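**Q** See coords-v7.csv below, with CSV, C-alpha atoms and all ligand atoms.
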```csv
chain,number,residue,atom,x,y,z
A,1,MET,CA,0.0,0.0,0.0
A,2,VAL,CA,1.3,3.4,-0.9
A,3,GLU,CA,0.9,5.7,2.0
A,4,VAL,CA,-1.0,8.9,1.4
A,5,PRO,CA,0.5,11.7,3.4
A,6,PRO,CA,-1.7,13.0,6.3
A,7,TYR,CA,-3.5,16.3,5.9
A,8,ASN,CA,-1.8,17.8,8.9
A,9,ARG,CA,1.8,18.4,9.7
A,10,LEU,CA,3.4,18.7,13.0
A,11,GLU,CA,6.7,20.4,12.2
A,12,ILE,CA,9.6,20.2,14.7
A,13,ASP,CA,12.3,22.7,14.1
A,14,LEU,CA,15.4,21.0,15.4
A,15,THR,CA,17.5,24.2,14.8
A,16,ALA,CA,15.3,26.0,17.3
A,17,LEU,CA,15.6,23.2,19.8
A,18,ARG,CA,19.4,23.2,19.5
A,19,ASP,CA,19.6,27.0,19.8
A,20,ASN,CA,17.2,27.0,22.9
A,21,PHE,CA,19.5,24.5,24.6
A,22,ARG,CA,22.6,26.6,23.7
A,23,GLN,CA,20.8,29.7,25.2
A,24,LEU,CA,20.1,27.9,28.4
A,25,VAL,CA,23.7,26.6,28.7
A,26,ALA,CA,25.0,30.1,28.1
A,27,LEU,CA,22.6,31.6,30.7
A,28,VAL,CA,23.6,29.3,33.6
A,29,GLY,CA,27.3,29.3,32.7
A,30,PRO,CA,30.0,26.6,32.7
A,31,LEU,CA,29.7,25.7,36.4
A,32,VAL,CA,26.1,24.6,36.2
A,33,LYS,CA,25.0,21.4,34.4
A,34,VAL,CA,21.9,21.3,32.3
A,35,MET,CA,19.7,18.2,32.4
A,36,ALA,CA,17.6,18.3,29.2
A,37,VAL,CA,14.1,17.2,30.3
A,38,VAL,CA,12.8,15.0,27.5
A,39,LYS,CA,10.1,13.2,29.5
A,40,ALA,CA,6.7,12.5,28.0
A,41,ASP,CA,8.1,12.0,24.5
A,42,ALA,CA,10.0,15.3,24.8
A,43,TYR,CA,6.8,17.2,25.6
A,44,GLY,CA,5.3,15.8,22.4
A,45,HIS,CA,8.3,16.6,20.2
A,46,GLY,CA,9.5,13.0,19.8
A,47,LEU,CA,11.8,11.5,22.4
A,48,LEU,CA,14.6,10.2,20.2
A,49,GLU,CA,14.7,13.0,17.7
A,50,ALA,CA,14.7,15.6,20.4
A,51,ALA,CA,17.3,13.8,22.5
A,52,GLY,CA,19.5,13.2,19.5
A,53,CYS,CA,19.5,16.8,18.5
A,54,LEU,CA,20.2,17.9,22.1
A,55,ALA,CA,23.1,15.4,22.4
A,56,ARG,CA,24.6,16.8,19.2
A,57,ALA,CA,24.3,20.2,20.8
A,58,GLY,CA,26.3,19.0,23.8
A,59,ALA,CA,23.6,17.7,26.2
A,60,ALA,CA,25.1,15.0,28.4
A,61,ILE,CA,22.2,14.5,30.9
A,62,PHE,CA,18.6,13.7,30.1
A,63,GLY,CA,15.5,13.4,32.2
A,64,VAL,CA,12.9,10.9,31.2
A,65,THR,CA,9.6,9.8,32.6
A,66,ASP,CA,10.2,6.1,33.2
A,67,VAL,CA,12.5,3.1,32.5
A,68,THR,CA,10.8,2.5,29.2
A,69,GLU,CA,11.7,6.0,27.9
A,70,GLY,CA,15.2,5.4,29.2
A,71,GLN,CA,15.4,2.2,27.3
A,72,ARG,CA,14.2,3.9,24.1
A,73,LEU,CA,17.0,6.5,24.5
A,74,ARG,CA,19.6,3.8,24.8
A,75,GLU,CA,18.3,1.8,21.9
A,76,GLY,CA,18.4,5.0,19.9
A,77,GLY,CA,22.1,5.4,20.7
A,78,ILE,CA,22.0,8.1,23.4
A,79,THR,CA,25.0,7.6,25.6
A,80,GLY,CA,24.8,10.4,28.2
A,81,GLU,CA,23.5,10.0,31.7
A,82,VAL,CA,19.7,9.3,31.8
A,83,VAL,CA,17.8,10.1,34.9
A,84,VAL,CA,14.4,8.4,35.4
A,85,LEU,CA,12.3,11.1,37.0
A,86,LEU,CA,9.5,8.9,38.2
A,87,GLY,CA,12.1,6.5,39.6
A,88,GLY,CA,12.6,2.8,38.8
A,89,ARG,CA,9.8,0.5,39.7
A,90,THR,CA,10.2,-2.7,41.6
A,91,GLY,CA,10.3,-5.5,39.0
A,92,SER,CA,12.2,-3.3,36.5
A,93,VAL,CA,15.7,-3.1,38.1
A,94,ALA,CA,17.2,-5.5,35.5
A,95,GLU,CA,16.1,-3.2,32.7
A,96,LEU,CA,17.3,-0.2,34.6
A,97,LEU,CA,20.8,-1.7,35.2
A,98,ARG,CA,21.1,-3.2,31.8
A,99,ASN,CA,20.4,0.3,30.2
A,100,ASP,CA,22.6,2.1,32.7
A,101,LEU,CA,19.8,4.4,33.9
A,102,THR,CA,19.9,6.5,37.0
A,103,PRO,CA,16.7,6.3,39.1
A,104,VAL,CA,15.3,9.0,41.3
A,105,VAL,CA,14.7,7.2,44.6
A,106,TYR,CA,12.3,7.7,47.5
A,107,ASP,CA,11.5,4.2,48.7
A,108,ARG,CA,13.4,1.7,50.9
A,109,GLU,CA,11.9,-1.4,49.2
A,110,TYR,CA,13.1,-0.3,45.8
A,111,LEU,CA,16.5,0.7,47.1
A,112,ARG,CA,16.9,-2.7,48.7
A,113,GLU,CA,15.9,-4.5,45.4
A,114,LEU,CA,18.2,-2.3,43.4
A,115,ALA,CA,21.1,-2.8,45.8
A,116,GLY,CA,20.7,-6.5,45.6
A,117,ALA,CA,20.6,-6.6,41.8
A,118,ALA,CA,23.5,-4.2,41.5
A,119,ALA,CA,25.6,-6.3,43.9
A,120,ALA,CA,24.8,-9.5,42.1
A,121,ALA,CA,26.0,-7.8,38.8
A,122,GLY,CA,29.1,-6.6,40.5
A,123,ARG,CA,28.0,-3.0,39.9
A,124,GLN,CA,27.6,0.2,41.8
A,125,ALA,CA,24.3,1.8,40.9
A,126,PRO,CA,24.0,5.6,41.1
A,127,VAL,CA,20.8,7.0,42.6
A,128,HIS,CA,19.3,10.5,43.0
A,129,LEU,CA,17.4,11.0,46.3
A,130,LYS,CA,14.2,12.9,45.9
A,131,VAL,CA,13.2,15.1,48.8
A,132,ASP,CA,9.7,16.6,49.0
A,133,THR,CA,10.4,20.2,50.2
A,134,GLY,CA,6.9,21.5,49.5
A,135,MET,CA,5.6,20.1,46.2
A,136,GLY,CA,3.5,17.5,48.0
A,137,ARG,CA,4.3,15.0,45.3
A,138,LEU,CA,7.0,12.5,44.9
A,139,GLY,CA,9.8,12.3,47.5
A,140,ILE,CA,10.8,11.5,51.1
A,141,LEU,CA,10.1,14.2,53.7
A,142,PRO,CA,13.0,16.4,54.9
A,143,GLY,CA,13.0,14.7,58.3
A,144,GLU,CA,13.7,11.4,56.7
A,145,VAL,CA,16.8,12.5,54.8
A,146,PRO,CA,19.4,11.5,57.5
A,147,GLU,CA,18.0,7.9,57.8
A,148,TYR,CA,17.9,7.6,54.0
A,149,LEU,CA,21.4,8.8,53.6
A,150,GLU,CA,22.4,6.2,56.1
A,151,PHE,CA,20.3,3.5,54.4
A,152,ILE,CA,21.8,4.2,51.0
A,153,GLY,CA,25.3,4.4,52.5
A,154,SER,CA,24.9,0.9,54.0
A,155,PHE,CA,24.9,-0.7,50.6
A,156,PRO,CA,28.3,-0.7,48.9
A,157,SER,CA,26.4,-1.4,45.6
A,158,LEU,CA,24.6,1.9,45.7
A,159,ARG,CA,26.1,5.4,45.2
A,160,LEU,CA,24.4,8.6,46.1
A,161,ALA,CA,25.0,10.6,42.9
A,162,GLY,CA,22.4,13.3,43.3
A,163,ILE,CA,19.9,14.9,45.6
A,164,LEU,CA,16.9,16.8,44.2
A,165,SER,CA,13.6,18.4,44.9
A,166,HIS,CA,10.9,20.3,42.9
A,167,PHE,CA,9.2,23.7,43.1
A,168,PRO,CA,5.4,24.0,43.1
A,169,MET,CA,5.2,27.8,42.8
A,170,ALA,CA,8.1,28.9,40.7
A,171,ASP,CA,5.9,30.3,38.0
A,172,GLY,CA,3.6,32.1,40.5
A,173,GLU,CA,3.5,35.8,41.0
A,174,ASP,CA,4.9,35.7,44.5
A,175,LEU,CA,8.5,34.3,44.4
A,176,ARG,CA,8.9,34.3,48.2
A,177,PRO,CA,7.7,30.7,48.7
A,178,THR,CA,10.2,29.5,46.1
A,179,ALA,CA,13.0,31.4,47.7
A,180,ALA,CA,12.1,30.0,51.1
A,181,GLN,CA,11.8,26.5,49.7
A,182,ASN,CA,15.2,26.8,48.1
A,183,GLN,CA,16.6,27.9,51.4
A,184,SER,CA,15.3,24.9,53.2
A,185,PHE,CA,16.5,22.6,50.4
A,186,GLY,CA,20.0,24.2,50.9
A,187,GLU,CA,19.8,23.3,54.6
A,188,ILE,CA,18.9,19.7,53.8
A,189,VAL,CA,21.8,19.6,51.3
A,190,ALA,CA,24.1,20.9,54.1
A,191,GLN,CA,23.3,17.7,56.0
A,192,LEU,CA,25.3,15.8,53.3
A,193,GLY,CA,28.4,17.3,54.9
A,194,VAL,CA,31.7,16.1,53.5
A,195,GLY,CA,30.0,13.0,52.2
A,196,GLY,CA,28.3,15.2,49.7
A,197,GLU,CA,31.1,15.2,47.2
A,198,GLY,CA,30.2,13.9,43.9
A,199,VAL,CA,26.5,14.4,44.7
A,200,VAL,CA,24.8,16.6,42.2
A,201,VAL,CA,22.3,19.0,43.8
A,202,HIS,CA,19.3,20.1,41.7
A,203,ILE,CA,15.9,21.6,42.1
A,204,ALA,CA,15.3,24.2,39.4
A,205,ASN,CA,12.8,23.8,36.5
A,206,SER,CA,12.6,26.5,33.8
A,207,ALA,CA,10.7,29.0,35.9
A,208,ALA,CA,13.1,28.7,38.9
A,209,LEU,CA,16.3,28.8,36.9
A,210,LEU,CA,15.0,32.0,35.2
A,211,ARG,CA,13.4,33.8,38.1
A,212,GLU,CA,15.3,32.6,41.2
A,213,PRO,CA,19.0,32.1,40.1
A,214,PRO,CA,20.2,31.0,43.6
A,215,SER,CA,18.1,27.8,43.0
A,216,ARG,CA,20.4,26.7,40.1
A,217,HIS,CA,22.8,24.9,42.4
A,218,ALA,CA,25.0,22.3,40.5
A,219,MET,CA,22.4,21.5,37.9
A,220,VAL,CA,19.1,22.9,36.4
A,221,ARG,CA,16.3,20.9,34.8
A,222,PRO,CA,14.7,22.9,32.0
A,223,GLY,CA,11.8,21.4,30.0
A,224,ILE,CA,9.4,23.9,28.6
A,225,THR,CA,12.0,26.5,27.7
A,226,LEU,CA,13.9,23.9,25.6
A,227,TYR,CA,10.7,23.7,23.6
A,228,GLY,CA,10.6,27.5,23.2
A,229,CYS,CA,7.8,28.4,25.6
A,230,TYR,CA,8.0,30.5,28.8
A,231,PRO,CA,6.7,29.1,32.1
A,232,GLY,CA,3.5,30.7,33.1
A,233,GLY,CA,3.4,32.1,29.6
A,234,ASP,CA,5.3,35.1,31.0
A,235,PRO,CA,6.7,37.2,28.1
A,236,GLY,CA,8.7,39.3,30.6
A,237,LEU,CA,11.1,36.4,30.9
A,238,ARG,CA,12.2,36.9,27.3
A,239,GLU,CA,14.6,39.5,28.6
A,240,ARG,CA,16.5,36.9,30.5
A,241,LEU,CA,16.4,34.1,28.0
A,242,ARG,CA,15.5,34.2,24.3
A,243,VAL,CA,14.0,30.9,23.1
A,244,GLN,CA,12.0,30.2,20.0
A,245,PRO,CA,9.1,27.8,19.6
A,246,VAL,CA,10.0,24.4,18.2
A,247,MET,CA,6.6,23.0,17.3
A,248,SER,CA,4.3,24.2,14.6
A,249,PHE,CA,1.0,22.6,13.5
A,250,LYS,CA,-0.1,23.1,10.0
A,251,SER,CA,-2.8,21.9,7.7
A,252,ARG,CA,-4.3,22.6,4.3
A,253,ILE,CA,-7.8,23.8,3.3
A,254,LEU,CA,-10.1,21.1,2.1
A,255,GLN,CA,-12.8,23.2,0.7
A,256,VAL,CA,-13.8,26.9,0.3
A,257,LYS,CA,-17.4,27.9,0.0
A,258,GLU,CA,-19.8,30.8,0.4
A,259,VAL,CA,-22.8,30.4,2.7
A,260,ALA,CA,-25.8,32.8,2.8
A,261,ALA,CA,-26.6,35.1,5.7
A,262,GLY,CA,-28.5,33.2,8.3
A,263,SER,CA,-26.8,29.8,7.6
A,264,GLY,CA,-25.8,27.7,10.5
A,265,VAL,CA,-22.4,26.1,10.7
A,266,SER,CA,-21.5,22.8,12.2
A,267,TYR,CA,-23.1,20.7,15.0
A,268,GLY,CA,-25.7,22.5,17.0
A,269,HIS,CA,-25.5,25.6,14.7
A,270,LEU,CA,-23.7,27.4,17.5
A,271,PHE,CA,-22.5,29.8,14.8
A,272,ARG,CA,-24.9,31.5,12.5
A,273,ALA,CA,-23.6,33.6,9.6
A,274,GLU,CA,-24.8,37.2,10.1
A,275,ARG,CA,-23.8,38.0,6.5
A,276,ALA,CA,-22.8,36.1,3.4
A,277,THR,CA,-19.8,34.2,4.7
A,278,ARG,CA,-16.9,32.5,3.0
A,279,LEU,CA,-15.8,29.4,4.9
A,280,ALA,CA,-12.6,27.4,4.7
A,281,VAL,CA,-13.2,23.8,5.8
A,282,LEU,CA,-10.2,22.4,7.5
A,283,PRO,CA,-9.3,18.7,8.1
A,284,VAL,CA,-8.5,19.3,11.8
A,285,GLY,CA,-10.5,18.4,14.8
A,286,TYR,CA,-10.3,17.1,18.3
A,287,ALA,CA,-9.0,13.7,17.1
A,288,ASP,CA,-5.9,15.7,16.1
A,289,GLY,CA,-5.6,17.3,19.6
A,290,TYR,CA,-7.4,20.4,18.4
A,291,LEU,CA,-9.8,20.3,21.3
A,292,ARG,CA,-13.6,20.8,21.1
A,293,ARG,CA,-13.0,23.3,24.0
A,294,LEU,CA,-11.5,25.6,21.4
A,295,THR,CA,-15.0,26.1,19.9
A,296,GLY,CA,-15.9,29.8,19.6
A,297,ARG,CA,-12.4,30.8,20.8
A,298,ALA,CA,-9.6,29.7,18.4
A,299,GLN,CA,-8.1,31.6,15.5
A,300,VAL,CA,-5.9,30.2,12.7
A,301,LEU,CA,-3.6,31.8,10.2
A,302,ILE,CA,-4.7,31.7,6.5
A,303,GLY,CA,-3.1,33.8,3.8
A,304,GLY,CA,-1.0,35.5,6.4
A,305,ARG,CA,-4.0,36.7,8.4
A,306,ARG,CA,-5.7,35.7,11.6
A,307,VAL,CA,-9.2,34.4,11.1
A,308,PRO,CA,-11.7,33.0,13.6
A,309,VAL,CA,-12.6,29.3,13.8
A,310,VAL,CA,-16.4,29.3,13.7
A,311,GLY,CA,-18.9,26.7,14.9
A,312,ARG,CA,-18.3,23.5,16.8
A,313,ILE,CA,-15.0,21.8,16.3
A,314,CYS,CA,-15.7,18.3,15.1
A,315,MET,CA,-13.7,15.1,15.3
A,316,ASN,CA,-11.7,15.6,12.1
A,317,LEU,CA,-13.0,19.0,10.8
A,318,CYS,CA,-13.4,22.6,11.7
A,319,MET,CA,-14.3,25.8,9.8
A,320,ALA,CA,-12.6,29.1,9.6
A,321,ASP,CA,-14.4,32.4,8.5
A,322,ILE,CA,-12.3,33.8,5.7
A,323,THR,CA,-14.8,36.4,4.5
A,324,GLY,CA,-12.9,39.2,2.8
A,325,LEU,CA,-9.8,37.2,2.2
A,326,ASP,CA,-9.3,36.9,-1.6
A,327,GLY,CA,-7.5,34.3,-3.6
A,328,ILE,CA,-7.8,31.5,-1.0
A,329,GLY,CA,-8.6,28.0,-2.2
A,330,PRO,CA,-8.4,24.3,-1.4
A,331,GLY,CA,-4.8,23.2,-0.7
A,332,ASP,CA,-3.7,26.5,0.8
A,333,GLU,CA,-1.8,26.3,4.0
A,334,VAL,CA,-3.4,26.9,7.4
A,335,VAL,CA,-1.3,27.4,10.5
A,336,LEU,CA,-2.9,26.4,13.8
A,337,LEU,CA,0.2,26.8,15.9
A,338,GLY,CA,3.2,28.7,14.7
A,339,ARG,CA,4.0,31.4,12.2
A,340,GLN,CA,2.7,32.4,8.8
A,341,GLY,CA,4.1,35.6,7.4
A,342,THR,CA,4.3,38.1,10.2
A,343,GLU,CA,1.6,36.5,12.3
A,344,GLU,CA,2.1,33.9,14.9
A,345,ILE,CA,-0.2,31.7,17.1
A,346,THR,CA,1.7,30.6,20.2
A,347,ALA,CA,1.2,27.5,22.4
A,348,ASP,CA,0.4,29.9,25.2
A,349,GLU,CA,-2.4,31.5,23.1
A,350,LEU,CA,-3.9,28.1,22.4
A,351,ALA,CA,-3.5,27.2,26.1
A,352,GLY,CA,-5.5,30.3,27.0
A,353,TRP,CA,-8.3,29.4,24.7
A,354,GLN,CA,-8.2,25.9,26.0
A,355,GLU,CA,-8.0,26.9,29.6
A,356,THR,CA,-4.7,25.0,30.2
A,357,ILE,CA,-1.0,25.5,29.9
A,358,SER,CA,1.4,25.4,26.9
A,359,TYR,CA,2.8,22.1,28.2
A,360,GLU,CA,-0.5,20.3,27.6
A,361,VAL,CA,-1.0,21.8,24.2
A,362,LEU,CA,2.4,20.5,23.1
A,363,CYS,CA,1.9,17.0,24.6
A,364,LEU,CA,-1.6,16.8,23.0
A,365,PHE,CA,-0.6,17.8,19.5
A,366,GLY,CA,2.5,15.6,19.8
A,367,ALA,CA,0.5,12.6,20.9
A,368,SER,CA,-2.1,13.0,18.1
A,369,ASN,CA,-0.1,13.8,15.0
A,370,GLN,CA,2.7,12.5,12.8
A,371,ARG,CA,5.8,14.7,13.2
A,372,VAL,CA,8.0,16.1,10.4
A,373,TYR,CA,11.5,17.1,11.4
A,374,LEU,CA,13.0,20.2,9.8
A,375,PRO,CA,16.7,19.4,9.5
A,376,GLU,CA,19.2,21.4,11.6
A,377,ARG,CA,20.7,24.4,9.8
A,378,GLY,CA,24.4,25.1,10.1
A,379,VAL,CA,25.9,26.6,13.2
B,401,LIG,C1,8.9,18.3,34.1
B,401,LIG,C2,9.9,18.5,35.1
B,401,LIG,C3,10.9,19.5,35.0
B,401,LIG,C4,10.9,20.5,33.9
B,401,LIG,O1,9.9,21.5,34.1
B,401,LIG,P1,9.7,22.8,33.1
B,401,LIG,O2,8.7,23.6,33.9
B,401,LIG,O3,9.1,22.2,31.9
B,401,LIG,O4,11.0,23.4,32.9
B,401,LIG,C5,11.9,19.6,35.9
B,401,LIG,N1,11.9,18.7,37.0
B,401,LIG,C6,11.0,17.8,37.2
B,401,LIG,C7,11.1,16.9,38.3
B,401,LIG,C8,10.0,17.6,36.2
B,401,LIG,O5,9.1,16.7,36.4
```
Translate this structure into structure tokens?
Ligand SMILES: *Cc1c(COP(=O)(O)O)cnc(C)c1O

**A**
Amino acid sequence: MVEVPPYNRLEIDLTALRDNFRQLVALVGPLVKVMAVVKADAYGHGLLEAAGCLARAGAAIFGVTDVTEGQRLREGGITGEVVVLLGGRTGSVAELLRNDLTPVVYDREYLRELAGAAAAAGRQAPVHLKVDTGMGRLGILPGEVPEYLEFIGSFPSLRLAGILSHFPMADGEDLRPTAAQNQSFGEIVAQLGVGGEGVVVHIANSAALLREPPSRHAMVRPGITLYGCYPGGDPGLRERLRVQPVMSFKSRILQVKEVAAGSGVSYGHLFRAERATRLAVLPVGYADGYLRRLTGRAQVLIGGRRVPVVGRICMNLCMADITGLDGIGPGDEVVLLGRQGTEEITADELAGWQETISYEVLCLFGASNQRVYLPERGV
């Protein structure tokens, strides 16, 4: 069977990804490592392609969701350090060790299993201890740190290679909770004492590394900024770091037609044409990650202009009002995310219409569409 190309294109600009990584490296300076967070299929950009590009740009540490993602990186030839952010799961230590993955740890049972397997293999397994300093999510509580350090230290087959935490409020208006949390994390780290050598200390996501520089410690963990968006959609952060969007979502018009004043458009006739209206029918809908929630809110770019999407968004179709735009026909390009001419629709804008954050927009488009990679342009 000859494959017919899909209507829609999710374009991944690897040059932008590479340059964003370089900007981050330059910002934090040579004394701070950068863990490239490529979890969740690199926020929808494609795990292997993104990690490969970042590795070529010099990334040596990657953050993935689980052992399976780590395994995929190894099979794809990534040789750097790979940290499993959700931690290894009991029952998967063989895969973890075979693929030389570094787990985030927060559980005695797991540590015991890992220590046993590593000892049997004549190996010393590096682990990063996760401390919950206020996120209320994964990690041991600060009071448990001394006993965990002792527990890990009691296994010659384990090596504490990192200690980490995570911020819940780093993109919020008030930075004081983040500064205070960083302070208490620093106090916990001090407990490592002289035994702390070779232990990488890390807590900062994109928001924290940009807005609270003392939180950078020995390593930062940017995700969203790698992909060219600003945490909290804050355009003010552009002055500290200049990144460009990596993902674009494009389609082509299926049909153009004129409907008379008073005509209803799409399910439920939520939209009724007030005047003779020219519609562009687009092969994009919620099955492509273009959520029904966008109904009555979204705009797209056609002919270099912003036009409203009108009527209910369907499973595989939606309609744009192109009244007054001349010379537009079937096959013409439509941009749902990204640039066309001088206009741009950002992931943050889509997120606003969709009542979510850019992260979710990227993951959703990535999970629902075939990707096309634009090759890296020279230096
Ligand atoms: C996702 C994640 C990050 C990256 O966060 P961004 O806001 O995308 O920079 C960093 N650390 C951990 C533990 C994460 O889960």

**Q** Using all atoms listed in the file, find each residue with an atom at most 7 Å away from ligand LIG 401 (chain B) and format the answer as a PyMOL selection string.

**A** chain A and resi 37+39+85+166+204-207+221-225+231

**Q** Using all atoms listed in the file, which residue out of A:Gly296, A:Pro126, A:Gly331, A:Pro283 lies closest to Leu160 (chain A)?

**A** A:Pro126

**Q** So that I can check the surroundings of Gly143 (chain A), please list as an MDAnalysis selection string every protein, DNA and RNA residue that reaches within 12 Å of it, counting all atoms listed in the file and ignoring chain neighbours fewer than 3 positions away.

**A** chainID A and resid 131:133 139:140 146:149 184:185 187:188 191

**Q** Quick one: residues within 8 Å of Leu10 (chain A), only C-alpha atoms, excluding same-chain residues fewer than 5 positions away - as a ChimeraX atom specification?

**A** /A:247-250,365-366,369-372

**Q** Taking 4 positions as the minimum chain separation for residues in the same chain, which residues sit within 8 Å of region 239-241 of chain A when counting all atoms listed in the file? Answer as a VMD selection string.

**A** chain A and resid 23 to 24 27 210

**Q** If you count all atoms listed in the file, which residues fall within 12 Å of Thr356 (chain A), apart from same-chain ones fewer than 3 positions away, as a compact mmCIF listing (two decimals) with C-alpha atoms, in the coordinates of the input?

**A**
```txt
# COMPACT_ATOMS: atom_id res chain seq x y z
CA GLY A 232 3.50 30.70 33.10
CA GLY A 233 3.40 32.10 29.60
CA LEU A 291 -9.80 20.30 21.30
CA ARG A 293 -13.00 23.30 24.00
CA LEU A 294 -11.50 25.60 21.40
CA ALA A 347 1.20 27.50 22.40
CA ASP A 348 0.40 29.90 25.20
CA GLU A 349 -2.40 31.50 23.10
CA LEU A 350 -3.90 28.10 22.40
CA ALA A 351 -3.50 27.20 26.10
CA GLY A 352 -5.50 30.30 27.00
CA TRP A 353 -8.30 29.40 24.70
CA TYR A 359 2.80 22.10 28.20
CA GLU A 360 -0.50 20.30 27.60
CA VAL A 361 -1.00 21.80 24.20
CA LEU A 362 2.40 20.50 23.10
CA CYS A 363 1.90 17.00 24.60
CA LEU A 364 -1.60 16.80 23.00
```

**Q** Residues within 12 Å of (-13.2, 34.7, 9.2), file coordinates, counting only C-alpha atoms: what are they? Give the list as a ChimeraX atom specification.

**A** /A:256,258,271,273-281,296,298-303,305-311,319-326,328

**Q** Show which residues sit within 9 Å of region 55-71 of chain A, as number ranges by chain. Count all atoms listed in the file, and ignore same-chain residues fewer than 4 positions away.

**A** A: 18-19, 21-22, 33-42, 47, 50-51, 75-76, 78-89, 92-93, 95-96, 99-101, 103, 221

**Q** Determine the nearest neighbour of Ala287 (chain A) from the options A:Leu138, A:Val25, A:Val334, A:Ile313, counting all atoms listed in the file.

**A**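 Of all the options, A:Ile313 lies closest to Ala287 (chain A).
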
**Q** So what do you get for CA of Arg312 (chain A) versus CA of Gly341 (chain A), distance-wise?

**A** 27.1 Å

**Q** Could you tell me which of A:Cys229, A:Val379, A:Thr342, A:Val246 comes closest to Gly46 (chain A) if we count only C-alpha atoms?

**A**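 Between A:Cys229, A:Val379, A:Thr342, A:Val246, the residue approaching Gly46 (chain A) most closely is A:Val246.
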
**Q** Would you compute the distance between CA of Tyr286 (chain A) and CA of Met315 (chain A)? Give it in Å to one decimal.

**A** 5.0 Å

**Q** I'd like to know which of A:His269, A:Arg377, A:His128, A:Arg9 is closest to Val105 (chain A), using all atoms listed in the file.

**A** A:His128

**Q** Quick one: distance from CA of Cys53 (chain A) to CA of Tyr373 (chain A) in Å, one decimal?

**A**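 Taking CA of Cys53 (chain A) as the start and CA of Tyr373 (chain A) as the end point, the length is 10.7 Å.
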